[in-house]
Amino acid sequence: MPDLYKPEIISVINDDGYADPAVDPEISNDDLLKYYRLMLLVRIMEENLLDWQRQGRIGFYAPCTGQEACHIAAAAAIEDRDWIFAQYREPGAILLRGWPLRTFFAQTLGNSEDIMKGRQMPDHFGDPEMRFVTPSSPIGTQISQAVGAAMAAKLKGDDVISLVYFGDGATSSSGFHDGLNFAGVFKAPVIFFCQNNQYAISLPLEKQTASENIAIKGQAYGMEGIRVDGNDFPAVYKAVKYAADKARNGGGPTLIEAVTYRLGPHSSSDDPSRYRTRDEEKQWWQKDPIVRFENYLRNKGLLQDDYIESLRASLQTTISETFREAEMVEPPHPETLFDDVYDHLTWNLEEQKQELIHYALGEGGRCPWQI
Amino acid sequence: MPIITYREALRHAMDEEMARDGKVILLGEEVAQYQGAYKVSQGLWEKYGSKRVIDTPITEEGFTGAAIGAAMAGLRPIVEWMTFNFSLQAIDQVINNAAKYRYMSGGQIKTPIVFRGPNGPAEYLASQHSQALQSFYAHCPGLVVLAPATPYDAKGLLKSAIRDDNPVVFLEGEMMYAWKGEVPEEEYLVPIGKADIKRPGKDVSLIVHSKPLKAAQDAAAELAKAGIDAEIVDLRSLRPLDEKAIYDSVKKTGRCVVIDESWPVASIGSWVAWLVSKNCFDYLDAPVELVSSEDVPMPYNHRLELAVQPSAPKIIEAVKKVMYLG
């Protein structure tokens with residue numbers, strides 16, 4: 001009889017990088033390599049993005065370093081027609097859905113190629129055509145929205161489920177309680193995917209909750225809670241696939257706690273050395289999800305060291321070149337400021353727009369503040 | 001023309017729109033089996049079933065958030081807040097989410113939702129149940145804010161709100177639910193963004209919305225006895241605001257009293273008063289007066305709560321000021 005209060009952490013890759021075939025999920029070799037390339041792309045891209053933020057080339061960035069396996073495996077285990085309500089640390093998820101790197105950088109820069117028109121912070125990317133909803137900065141508000149989308153799909157009879165990402169910090173928000181309670185009551189097809197990376201900016205998990213763990217919170221809402229090793233790609237994939245199948249078959253929601261670690265800062269505005277030790281970080285670097293996945297793929301005979309080296313080099317080239325091109329793109333025109341406040345340009349917005357063009361922007365080359 | 005209550009007018013609007021469009025759903029506390037805390041949704045659950053008329057757990061943030069998600073996924077939810085006082089628990093979902101998704105997503109996400117329920121002071125409900133919170137919502141770009149004061153306007157505007165592709169905040173009132181008025185049997189819509197002249201007049205403009213319309217009408221009747229012909233402009237729509245109707249009236253009368261049962265600071269009333277002062281400056285014969293609720297939380301005692309709110313005597317006093325009488 002398993003201890004319900006201390007659910008076992010599911011893992012697939014053992015310390016030597018092997019997986020027991022009995023528990024190893026079925027993923028094609030092509031897909032495994034695709035996921036690996038994506039994880040590596042995200043890792044290298046974010047190293048660059050933090051540098052570029054320091055150089056003043058972008059305004060802000062919140063990296064997912066250490067959580068690449070966790071968020072990409074979750075997105076990989078559902079279908080493209082399913083909703084993703086993101087948290088803000090899931091670049092791999094939108095790249096997996098099909099965003100080209102240039103589109104990603106356009107959003108990070110908020111330039112005139114950005115489909116979000118330069119209106120959202122970096123990390124707050126979204127594309128409703130891909131059923132990927134732009135994150136809300138207030139913590140936890142996306143959780144009940146994901147439940148609503150799932151309830152709507154159920155009501156319409158669509159074979160669509162919702163995957164919602166949030167962090168350990170969000171489990172303290174009313175949105176977490178509202179969302180899980182709702183999904184439990186309405187048996188909504190939702191996967192609540194908590195990336196427990198141990199810190200909400202500086203606040204450690206033990207100051208966030210007195211619960212033994214996050215997964216057990218599912219029980220209070222009438223749903224299964226699963227703990228999974230978040231740095232173990234096949235384990236996360238397996239857990240999410242299980243929850244997705246269950247949701248599709250009318251089994252309702254699941255709370256998944258992916259136990260991981262934010263190896264980098266909360267964001268470009270954060271300095272983790274103020275609240276945690278280098279030793280602690282080093283211990284978690286030993287569990288680097290990319291290294292573990294590399295070992296797993298090597299042992300399957302899918303990966304060689306020289307390939308990794310050449311892949312790193314080519315990814316770095318692509319990232320640098322694509323970013324340089326994206327940087328050359330013009331910023332959005334201030335005229336676009338007034339679009340999309342409503343479904344049409346209201347008369348008062350039109351009036352403000354004309355004032356801005358004629359006076360503040362100094363139409364016709366006139367110095368705007370010249371009398 | 002049939003005479004029905006404001007409550008029935010709202011119900012008919014929801015019924016007609018739910019029959020017209022299968023994507024329209026109603027959710028909130030007590031809306032289904034209990035027929036609504038104020039019986040606005042009476043009969044809808046029997047007619048449309050639990051899939052479309054949904055009793056939710058008691059969490060304004062939760063069902064408001066769920067409605068936003070459902071709207072993204074293609075439905076057109078009507079959210080009933082038992083009162084706007086409780087909407088403050090959900091205001092993050094409205095201001096930070098519903099109002100901004102279209103803009104933040106570069107025009108890709110739409111959240112066609114109507115957030116409706118009673119707003120403003122009622123009776124014997126004290127400070128946490130008797131607040132006029134329209135300014136909280138009207139302040140925010142991305143929202144449409146409507147405040148009908150008659151059964152005719154309530155029905156026509158609610159139908160327009162349900163069909164609108166923007167998130168709409170729809171302000172009703174507990175005291176208004178029982179108000180009666182003529183409502184045609186045939187279908188009609190009241191356009192969003194259009195004020196209505198509820199009483200034409202030539203001497204002074206009373207600019208009003210929501211429940212204080214009645215106080216304005218009482219005041220106008222009293223003033224008429226004294227030979228003062230007041231024009232009543234019912235805003236109906238707070239965002240977008242029908243500024244032209246306001247200016248046309250003030251330019252005609254040259255005197256303006258704005259009535260708003262909100263608190264005075266940064267309110268719809270003070271905004272309208274500023275707009276009139278700025279845009280009708282050359283036409284005004286007196287400074288614009290504002291009749292608001294007193295700047296205090298609402299007390300419970302009936303004598304006290306009546307003293308807080310705009311009333312016909314307060315409006316008459318303000319009219320006397322702008323006409324330099326007494």
# chains A, B, ... in the order shown; residues from 1 in each chain; ligands from 1
>>> interface_residues(of="chain A", to="chain B", cutoff="8 Å", atoms="only C-alpha atoms", output="PDB file with N, CA and C atoms, in the first residue's frame")
ATOM      1  N   ILE A 115       4.004  38.978 -33.512  1.00  0.00           N
ATOM      2  CA  ILE A 115       2.560  38.839 -33.733  1.00  0.00           C
ATOM      3  C   ILE A 115       1.774  39.448 -32.569  1.00  0.00           C
ATOM      4  N   MET A 116       2.456  39.666 -31.456  1.00  0.00           N
ATOM      5  CA  MET A 116       1.784  40.294 -30.320  1.00  0.00           C
ATOM      6  C   MET A 116       2.010  41.810 -30.317  1.00  0.00           C
ATOM      7  N   LYS A 117       2.629  42.296 -31.400  1.00  0.00           N
ATOM      8  CA  LYS A 117       2.753  43.734 -31.673  1.00  0.00           C
ATOM      9  C   LYS A 117       3.514  44.517 -30.613  1.00  0.00           C
ATOM     10  N   GLY A 118       4.478  43.862 -29.980  1.00  0.00           N
ATOM     11  CA  GLY A 118       5.322  44.578 -29.029  1.00  0.00           C
ATOM     12  C   GLY A 118       4.622  44.964 -27.746  1.00  0.00           C
ATOM     13  N   ARG A 119       3.636  44.180 -27.379  1.00  0.00           N
ATOM     14  CA  ARG A 119       2.836  44.579 -26.217  1.00  0.00           C
ATOM     15  C   ARG A 119       3.064  43.724 -24.982  1.00  0.00           C
ATOM     16  N   GLN A 120       3.704  42.605 -25.144  1.00  0.00           N
ATOM     17  CA  GLN A 120       3.887  41.718 -23.994  1.00  0.00           C
ATOM     18  C   GLN A 120       5.358  41.598 -23.659  1.00  0.00           C
ATOM     19  N   GLY A 126       2.665  33.952 -26.830  1.00  0.00           N
ATOM     20  CA  GLY A 126       1.466  33.146 -26.986  1.00  0.00           C
ATOM     21  C   GLY A 126       1.031  33.184 -28.426  1.00  0.00           C
ATOM     22  N   ASP A 127       0.234  32.224 -28.797  1.00  0.00           N
ATOM     23  CA  ASP A 127      -0.269  32.152 -30.165  1.00  0.00           C
ATOM     24  C   ASP A 127      -1.570  31.360 -30.146  1.00  0.00           C
ATOM     25  N   PRO A 128      -2.693  32.086 -30.098  1.00  0.00           N
ATOM     26  CA  PRO A 128      -3.965  31.372 -29.974  1.00  0.00           C
ATOM     27  C   PRO A 128      -4.251  30.422 -31.130  1.00  0.00           C
ATOM     28  N   THR A 134      -1.096  33.395 -24.063  1.00  0.00           N
ATOM     29  CA  THR A 134      -0.057  34.240 -23.473  1.00  0.00           C
ATOM     30  C   THR A 134      -0.199  34.280 -21.952  1.00  0.00           C
ATOM     31  N   SER A 136      -0.316  35.433 -18.068  1.00  0.00           N
ATOM     32  CA  SER A 136      -0.657  36.632 -17.309  1.00  0.00           C
ATOM     33  C   SER A 136       0.416  36.792 -16.250  1.00  0.00           C
ATOM     34  N   PRO A 138       0.196  38.304 -13.232  1.00  0.00           N
ATOM     35  CA  PRO A 138      -0.261  37.962 -11.876  1.00  0.00           C
ATOM     36  C   PRO A 138      -0.282  36.441 -11.704  1.00  0.00           C
ATOM     37  N   THR A 141      -3.464  33.166 -12.189  1.00  0.00           N
ATOM     38  CA  THR A 141      -4.767  33.476 -12.801  1.00  0.00           C
ATOM     39  C   THR A 141      -5.077  32.580 -13.994  1.00  0.00           C
ATOM     40  N   GLN A 142      -4.042  32.010 -14.607  1.00  0.00           N
ATOM     41  CA  GLN A 142      -4.284  31.172 -15.793  1.00  0.00           C
ATOM     42  C   GLN A 142      -4.901  29.832 -15.418  1.00  0.00           C
ATOM     43  N   ILE A 143      -4.861  29.479 -14.132  1.00  0.00           N
ATOM     44  CA  ILE A 143      -5.279  28.124 -13.741  1.00  0.00           C
ATOM     45  C   ILE A 143      -6.789  27.952 -13.934  1.00  0.00           C
ATOM     46  N   SER A 144      -7.574  28.915 -13.441  1.00  0.00           N
ATOM     47  CA  SER A 144      -9.029  28.776 -13.640  1.00  0.00           C
ATOM     48  C   SER A 144      -9.412  28.995 -15.108  1.00  0.00           C
ATOM     49  N   GLN A 145      -8.610  29.793 -15.819  1.00  0.00           N
ATOM     50  CA  GLN A 145      -8.899  29.987 -17.247  1.00  0.00           C
ATOM     51  C   GLN A 145      -8.716  28.676 -18.016  1.00  0.00           C
ATOM     52  N   ALA A 146      -7.681  27.931 -17.666  1.00  0.00           N
ATOM     53  CA  ALA A 146      -7.449  26.642 -18.328  1.00  0.00           C
ATOM     54  C   ALA A 146      -8.611  25.687 -18.063  1.00  0.00           C
ATOM     55  N   VAL A 147      -9.141  25.771 -16.853  1.00  0.00           N
ATOM     56  CA  VAL A 147     -10.297  24.928 -16.513  1.00  0.00           C
ATOM     57  C   VAL A 147     -11.497  25.354 -17.363  1.00  0.00           C
ATOM     58  N   GLY A 148     -11.684  26.655 -17.520  1.00  0.00           N
ATOM     59  CA  GLY A 148     -12.790  27.155 -18.341  1.00  0.00           C
ATOM     60  C   GLY A 148     -12.684  26.694 -19.787  1.00  0.00           C
ATOM     61  N   ALA A 149     -11.475  26.738 -20.329  1.00  0.00           N
ATOM     62  CA  ALA A 149     -11.286  26.285 -21.717  1.00  0.00           C
ATOM     63  C   ALA A 149     -11.596  24.795 -21.828  1.00  0.00           C
ATOM     64  N   ALA A 150     -11.183  24.036 -20.820  1.00  0.00           N
ATOM     65  CA  ALA A 150     -11.445  22.592 -20.835  1.00  0.00           C
ATOM     66  C   ALA A 150     -12.941  22.310 -20.699  1.00  0.00           C
ATOM     67  N   MET A 151     -13.601  23.083 -19.832  1.00  0.00           N
ATOM     68  CA  MET A 151     -15.049  22.901 -19.668  1.00  0.00           C
ATOM     69  C   MET A 151     -15.776  23.241 -20.959  1.00  0.00           C
ATOM     70  N   ALA A 152     -15.308  24.296 -21.644  1.00  0.00           N
ATOM     71  CA  ALA A 152     -15.926  24.680 -22.907  1.00  0.00           C
ATOM     72  C   ALA A 152     -15.758  23.581 -23.944  1.00  0.00           C
ATOM     73  N   ALA A 153     -14.557  22.997 -23.987  1.00  0.00           N
ATOM     74  CA  ALA A 153     -14.310  21.916 -24.951  1.00  0.00           C
ATOM     75  C   ALA A 153     -15.240  20.735 -24.670  1.00  0.00           C
ATOM     76  N   LEU A 155     -18.111  20.873 -23.141  1.00  0.00           N
ATOM     77  CA  LEU A 155     -19.480  21.277 -23.461  1.00  0.00           C
ATOM     78  C   LEU A 155     -19.744  21.208 -24.972  1.00  0.00           C
ATOM     79  N   SER A 174      -4.964  32.078  -4.840  1.00  0.00           N
ATOM     80  CA  SER A 174      -6.360  31.639  -4.855  1.00  0.00           C
ATOM     81  C   SER A 174      -6.693  30.993  -6.201  1.00  0.00           C
ATOM     82  N   GLY A 175      -5.989  31.398  -7.251  1.00  0.00           N
ATOM     83  CA  GLY A 175      -6.221  30.795  -8.570  1.00  0.00           C
ATOM     84  C   GLY A 175      -6.004  29.290  -8.570  1.00  0.00           C
ATOM     85  N   ASP A 178      -9.058  27.840  -6.647  1.00  0.00           N
ATOM     86  CA  ASP A 178     -10.254  27.987  -7.493  1.00  0.00           C
ATOM     87  C   ASP A 178     -10.228  26.988  -8.643  1.00  0.00           C
ATOM     88  N   GLY A 179      -9.087  26.941  -9.305  1.00  0.00           N
ATOM     89  CA  GLY A 179      -8.969  26.118 -10.514  1.00  0.00           C
ATOM     90  C   GLY A 179      -9.123  24.640 -10.212  1.00  0.00           C
ATOM     91  N   ASN A 181     -10.403  23.255  -7.534  1.00  0.00           N
ATOM     92  CA  ASN A 181     -11.727  22.971  -6.983  1.00  0.00           C
ATOM     93  C   ASN A 181     -12.767  22.872  -8.106  1.00  0.00           C
ATOM     94  N   PHE A 182     -12.701  23.828  -9.024  1.00  0.00           N
ATOM     95  CA  PHE A 182     -13.612  23.823 -10.174  1.00  0.00           C
ATOM     96  C   PHE A 182     -13.469  22.554 -11.002  1.00  0.00           C
ATOM     97  N   ASP A 339      -4.673  50.138 -31.634  1.00  0.00           N
ATOM     98  CA  ASP A 339      -5.382  48.976 -32.185  1.00  0.00           C
ATOM     99  C   ASP A 339      -5.613  47.932 -31.096  1.00  0.00           C
ATOM    100  N   ASP A 340      -6.691  47.191 -31.245  1.00  0.00           N
ATOM    101  CA  ASP A 340      -6.974  46.009 -30.419  1.00  0.00           C
ATOM    102  C   ASP A 340      -7.313  46.314 -28.967  1.00  0.00           C
ATOM    103  N   VAL A 341      -7.535  47.590 -28.637  1.00  0.00           N
ATOM    104  CA  VAL A 341      -8.083  47.854 -27.304  1.00  0.00           C
ATOM    105  C   VAL A 341      -9.505  47.285 -27.293  1.00  0.00           C
ATOM    106  N   TYR A 342     -10.211  47.557 -28.401  1.00  0.00           N
ATOM    107  CA  TYR A 342     -11.541  46.963 -28.617  1.00  0.00           C
ATOM    108  C   TYR A 342     -11.534  46.260 -29.978  1.00  0.00           C
ATOM    109  N   ASP A 343     -12.647  45.670 -30.339  1.00  0.00           N
ATOM    110  CA  ASP A 343     -12.721  44.995 -31.635  1.00  0.00           C
ATOM    111  C   ASP A 343     -12.737  45.997 -32.785  1.00  0.00           C
ATOM    112  N   THR A 346     -12.476  52.901 -31.478  1.00  0.00           N
ATOM    113  CA  THR A 346     -13.578  53.760 -31.033  1.00  0.00           C
ATOM    114  C   THR A 346     -13.255  55.216 -31.388  1.00  0.00           C
TER     115      THR A 346
END
>>> select_by_dssp(residues="stretch 140-240 of chain A", states="helix (DSSP H, G or I)", output="ChimeraX atom specification")
/A:141-156,169-172,174-186,205-208,217-220,233-240
>>> residues_around(residues="stretch 258-267 of chain A", least_positions_apart="3", cutoff="8 Å", atoms="only C-alpha atoms", output="PyMOL selection string")
chain A and resi 60-67+70+193-201+227-231+236+270-272+281+284-285
>>> atom_distance(atom1="atom CA of B:Trp271", atom2="atom CA of B:Tyr283")
18.3 Å
>>> closest_residue(among="B:Val169, B:Gly28, B:Pro310, B:Leu284", to="B:Ser50", atoms="only C-alpha atoms")
B:Gly28
>>> residues_around(residues="A:Ala19", least_positions_apart="2", cutoff="12 Å", atoms="only C-alpha atoms", output="list of chain:residue names")
A:Ser11, A:Val12, A:Ile13, A:Asn14, A:Asp15, A:Asp16, A:Gly17, A:Pro21, A:Ala22, A:Val23, A:Asp24, A:Pro25, A:Glu26, A:Asp232, A:Phe233, A:Pro234, A:Ala235, A:Arg292, A:Phe293, A:Asn295, A:Tyr296, A:Leu297, A:Arg298, A:Asn299, A:Lys300
>>> write_last_selection(atoms="N, CA, C and O atoms", output="tab-separated table (two decimals), in the first residue's frame")
chain	number	residue	atom	x	y	z
A	11	SER	N	10.41	8.05	-11.64
A	11	SER	CA	11.52	8.36	-12.55
A	11	SER	C	11.72	7.19	-13.51
A	11	SER	O	11.25	6.08	-13.26
A	12	VAL	N	12.36	7.48	-14.62
A	12	VAL	CA	12.58	6.47	-15.65
A	12	VAL	C	14.08	6.27	-15.87
A	12	VAL	O	14.57	5.15	-15.93
A	13	ILE	N	14.82	7.37	-15.95
A	13	ILE	CA	16.27	7.28	-16.19
A	13	ILE	C	16.97	7.04	-14.85
A	13	ILE	O	16.81	7.82	-13.91
A	14	ASN	N	17.73	5.96	-14.75
A	14	ASN	CA	18.45	5.69	-13.49
A	14	ASN	C	19.78	6.46	-13.45
A	14	ASN	O	20.13	7.18	-14.39
A	15	ASP	N	20.51	6.29	-12.34
A	15	ASP	CA	21.73	7.08	-12.14
A	15	ASP	C	22.78	6.84	-13.24
A	15	ASP	O	23.61	7.70	-13.51
A	16	ASP	N	22.71	5.68	-13.86
A	16	ASP	CA	23.69	5.39	-14.92
A	16	ASP	C	23.19	5.81	-16.30
A	16	ASP	O	23.84	5.54	-17.31
A	17	GLY	N	22.01	6.41	-16.33
A	17	GLY	CA	21.50	6.88	-17.61
A	17	GLY	C	20.73	5.81	-18.39
A	17	GLY	O	20.47	5.98	-19.59
A	21	PRO	N	13.31	-1.09	-19.65
A	21	PRO	CA	12.34	-1.12	-20.77
A	21	PRO	C	10.90	-1.27	-20.29
A	21	PRO	O	9.97	-0.82	-20.97
A	22	ALA	N	10.71	-1.83	-19.12
A	22	ALA	CA	9.35	-2.04	-18.61
A	22	ALA	C	8.67	-0.71	-18.28
A	22	ALA	O	7.44	-0.61	-18.29
A	23	VAL	N	9.46	0.31	-17.96
A	23	VAL	CA	8.85	1.60	-17.58
A	23	VAL	C	9.13	2.71	-18.60
A	23	VAL	O	8.58	3.80	-18.52
A	24	ASP	N	10.01	2.41	-19.54
A	24	ASP	CA	10.40	3.43	-20.53
A	24	ASP	C	9.22	3.72	-21.48
A	24	ASP	O	8.68	2.80	-22.07
A	25	PRO	N	8.80	4.99	-21.61
A	25	PRO	CA	7.65	5.25	-22.49
A	25	PRO	C	8.02	5.09	-23.97
A	25	PRO	O	9.19	5.19	-24.34
A	26	GLU	N	7.00	4.86	-24.76
A	26	GLU	CA	7.24	4.66	-26.19
A	26	GLU	C	7.34	6.01	-26.90
A	26	GLU	O	6.36	6.73	-27.01
A	232	ASP	N	13.79	14.43	-15.57
A	232	ASP	CA	13.83	13.13	-16.24
A	232	ASP	C	12.80	13.18	-17.38
A	232	ASP	O	11.60	13.00	-17.15
A	233	PHE	N	13.27	13.47	-18.58
A	233	PHE	CA	12.35	13.69	-19.70
A	233	PHE	C	11.34	12.55	-19.89
A	233	PHE	O	10.12	12.80	-19.90
A	234	PRO	N	11.80	11.31	-20.04
A	234	PRO	CA	10.79	10.25	-20.27
A	234	PRO	C	9.81	10.08	-19.11
A	234	PRO	O	8.65	9.73	-19.33
A	235	ALA	N	10.26	10.37	-17.89
A	235	ALA	CA	9.35	10.22	-16.74
A	235	ALA	C	8.23	11.27	-16.80
A	235	ALA	O	7.06	10.96	-16.58
A	292	ARG	N	21.39	14.30	-18.28
A	292	ARG	CA	20.73	13.00	-18.05
A	292	ARG	C	20.07	12.47	-19.31
A	292	ARG	O	20.10	11.28	-19.60
A	293	PHE	N	19.49	13.39	-20.08
A	293	PHE	CA	18.84	12.95	-21.33
A	293	PHE	C	19.90	12.51	-22.34
A	293	PHE	O	19.70	11.53	-23.07
A	295	ASN	N	22.76	11.12	-21.60
A	295	ASN	CA	23.18	9.77	-21.20
A	295	ASN	C	22.17	8.72	-21.63
A	295	ASN	O	22.53	7.65	-22.13
A	296	TYR	N	20.93	9.05	-21.46
A	296	TYR	CA	19.83	8.14	-21.83
A	296	TYR	C	19.87	7.86	-23.33
A	296	TYR	O	19.75	6.71	-23.77
A	297	LEU	N	20.09	8.91	-24.12
A	297	LEU	CA	20.12	8.74	-25.57
A	297	LEU	C	21.39	8.01	-26.02
A	297	LEU	O	21.35	7.19	-26.94
A	298	ARG	N	22.52	8.32	-25.33
A	298	ARG	CA	23.77	7.60	-25.65
A	298	ARG	C	23.60	6.12	-25.43
A	298	ARG	O	23.98	5.30	-26.26
A	299	ASN	N	22.97	5.79	-24.30
A	299	ASN	CA	22.80	4.37	-23.97
A	299	ASN	C	21.82	3.68	-24.91
A	299	ASN	O	21.81	2.46	-25.02
A	300	LYS	N	21.00	4.45	-25.56
A	300	LYS	CA	20.11	3.87	-26.57
A	300	LYS	C	20.82	3.82	-27.93
A	300	LYS	O	20.23	3.41	-28.93
>>> closest_residue(among="A:Asp168, A:Glu321, A:Glu351, A:Asp114", to="A:Glu335", atoms="only C-alpha atoms")
A:Glu351
>>> select_by_dssp(residues="stretch 108-283 of chain B", states="strand (DSSP E or B)", output="PyMOL selection string")
chain B and resi 114-118+144-146+168-172+180-182+196-199+204-208+230-234+237-239+256-259
>>> residues_around(residues="B:Lys321", least_positions_apart="5", cutoff="10 Å", atoms="only C-alpha atoms", output="tab-separated table (two decimals) with C-alpha atoms, in the first residue's frame")
chain	number	residue	atom	x	y	z
B	255	ARG	CA	-26.05	74.83	-17.10
B	257	VAL	CA	-25.53	69.19	-12.88
B	286	ALA	CA	-22.24	78.65	-14.15
B	287	PRO	CA	-19.63	76.16	-12.86
B	288	VAL	CA	-20.66	72.53	-13.27
B	289	GLU	CA	-22.10	70.95	-10.13
B	315	ILE	CA	-30.22	67.67	-7.02
B	316	ILE	CA	-32.62	70.60	-6.61
B	326	GLY	CA	-31.63	81.38	-3.46
>>> residues_around(residues="stretch 31-45 of chain B", least_positions_apart="2", cutoff="8 Å", atoms="only C-alpha atoms", output="ChimeraX atom specification")
/B:7-8,10-11,15,26-29,47-50,52-55,80,82,174
>>> write_last_selection(atoms="N, CA and C atoms", output="PDB file, in the first residue's frame")
ATOM      1  N   ARG B   7     -36.121  43.389 -13.933  1.00  0.00           N
ATOM      2  CA  ARG B   7     -35.658  42.006 -13.754  1.00  0.00           C
ATOM      3  C   ARG B   7     -36.110  41.121 -14.919  1.00  0.00           C
ATOM      4  N   GLU B   8     -37.398  41.235 -15.258  1.00  0.00           N
ATOM      5  CA  GLU B   8     -37.923  40.416 -16.363  1.00  0.00           C
ATOM      6  C   GLU B   8     -37.267  40.803 -17.689  1.00  0.00           C
ATOM      7  N   LEU B  10     -34.259  41.826 -18.181  1.00  0.00           N
ATOM      8  CA  LEU B  10     -32.931  41.188 -18.248  1.00  0.00           C
ATOM      9  C   LEU B  10     -33.071  39.697 -18.578  1.00  0.00           C
ATOM     10  N   ARG B  11     -34.048  39.083 -17.935  1.00  0.00           N
ATOM     11  CA  ARG B  11     -34.277  37.647 -18.153  1.00  0.00           C
ATOM     12  C   ARG B  11     -34.644  37.386 -19.611  1.00  0.00           C
ATOM     13  N   ASP B  15     -32.703  35.074 -22.222  1.00  0.00           N
ATOM     14  CA  ASP B  15     -33.452  33.970 -22.828  1.00  0.00           C
ATOM     15  C   ASP B  15     -33.381  34.057 -24.358  1.00  0.00           C
ATOM     16  N   LEU B  26     -24.600  30.813 -19.135  1.00  0.00           N
ATOM     17  CA  LEU B  26     -24.710  31.667 -17.948  1.00  0.00           C
ATOM     18  C   LEU B  26     -24.075  30.922 -16.785  1.00  0.00           C
ATOM     19  N   LEU B  27     -23.169  31.567 -16.074  1.00  0.00           N
ATOM     20  CA  LEU B  27     -22.609  30.905 -14.902  1.00  0.00           C
ATOM     21  C   LEU B  27     -22.436  31.880 -13.746  1.00  0.00           C
ATOM     22  N   GLY B  28     -22.473  31.319 -12.553  1.00  0.00           N
ATOM     23  CA  GLY B  28     -22.336  32.138 -11.356  1.00  0.00           C
ATOM     24  C   GLY B  28     -22.941  31.406 -10.166  1.00  0.00           C
ATOM     25  N   GLU B  29     -22.975  32.104  -9.033  1.00  0.00           N
ATOM     26  CA  GLU B  29     -23.517  31.508  -7.820  1.00  0.00           C
ATOM     27  C   GLU B  29     -25.038  31.564  -7.852  1.00  0.00           C
ATOM     28  N   LYS B  47     -34.987  25.555 -18.869  1.00  0.00           N
ATOM     29  CA  LYS B  47     -35.075  25.627 -20.322  1.00  0.00           C
ATOM     30  C   LYS B  47     -33.775  25.195 -21.006  1.00  0.00           C
ATOM     31  N   TYR B  48     -32.636  25.574 -20.440  1.00  0.00           N
ATOM     32  CA  TYR B  48     -31.372  25.341 -21.153  1.00  0.00           C
ATOM     33  C   TYR B  48     -30.479  24.278 -20.504  1.00  0.00           C
ATOM     34  N   GLY B  49     -30.850  23.819 -19.318  1.00  0.00           N
ATOM     35  CA  GLY B  49     -30.129  22.710 -18.703  1.00  0.00           C
ATOM     36  C   GLY B  49     -28.820  23.105 -18.031  1.00  0.00           C
ATOM     37  N   SER B  50     -28.256  22.129 -17.320  1.00  0.00           N
ATOM     38  CA  SER B  50     -27.072  22.381 -16.483  1.00  0.00           C
ATOM     39  C   SER B  50     -25.799  22.633 -17.283  1.00  0.00           C
ATOM     40  N   ARG B  52     -25.602  24.703 -19.795  1.00  0.00           N
ATOM     41  CA  ARG B  52     -25.544  26.115 -20.218  1.00  0.00           C
ATOM     42  C   ARG B  52     -25.911  27.089 -19.104  1.00  0.00           C
ATOM     43  N   VAL B  53     -26.546  26.592 -18.067  1.00  0.00           N
ATOM     44  CA  VAL B  53     -26.828  27.457 -16.910  1.00  0.00           C
ATOM     45  C   VAL B  53     -26.173  26.765 -15.720  1.00  0.00           C
ATOM     46  N   ILE B  54     -25.042  27.321 -15.275  1.00  0.00           N
ATOM     47  CA  ILE B  54     -24.120  26.569 -14.426  1.00  0.00           C
ATOM     48  C   ILE B  54     -23.987  27.198 -13.038  1.00  0.00           C
ATOM     49  N   ASP B  55     -24.384  26.429 -12.036  1.00  0.00           N
ATOM     50  CA  ASP B  55     -24.132  26.820 -10.649  1.00  0.00           C
ATOM     51  C   ASP B  55     -22.667  26.545 -10.349  1.00  0.00           C
ATOM     52  N   GLU B  80     -22.697  35.975 -13.906  1.00  0.00           N
ATOM     53  CA  GLU B  80     -23.499  36.739 -12.944  1.00  0.00           C
ATOM     54  C   GLU B  80     -22.733  36.835 -11.640  1.00  0.00           C
ATOM     55  N   MET B  82     -23.090  37.940  -7.873  1.00  0.00           N
ATOM     56  CA  MET B  82     -24.251  38.133  -6.997  1.00  0.00           C
ATOM     57  C   MET B  82     -24.405  39.614  -6.659  1.00  0.00           C
ATOM     58  N   GLU B 174     -30.057  46.468  -7.362  1.00  0.00           N
ATOM     59  CA  GLU B 174     -31.069  45.733  -6.591  1.00  0.00           C
ATOM     60  C   GLU B 174     -32.381  46.503  -6.520  1.00  0.00           C
TER      61      GLU B 174
END
>>> atom_distance(atom1="atom CA of A:Glu350", atom2="atom CA of A:Pro334")
12.9 Å
>>> atom_distance(atom1="atom CA of A:Glu47", atom2="atom CA of A:Phe323")
13.1 Å
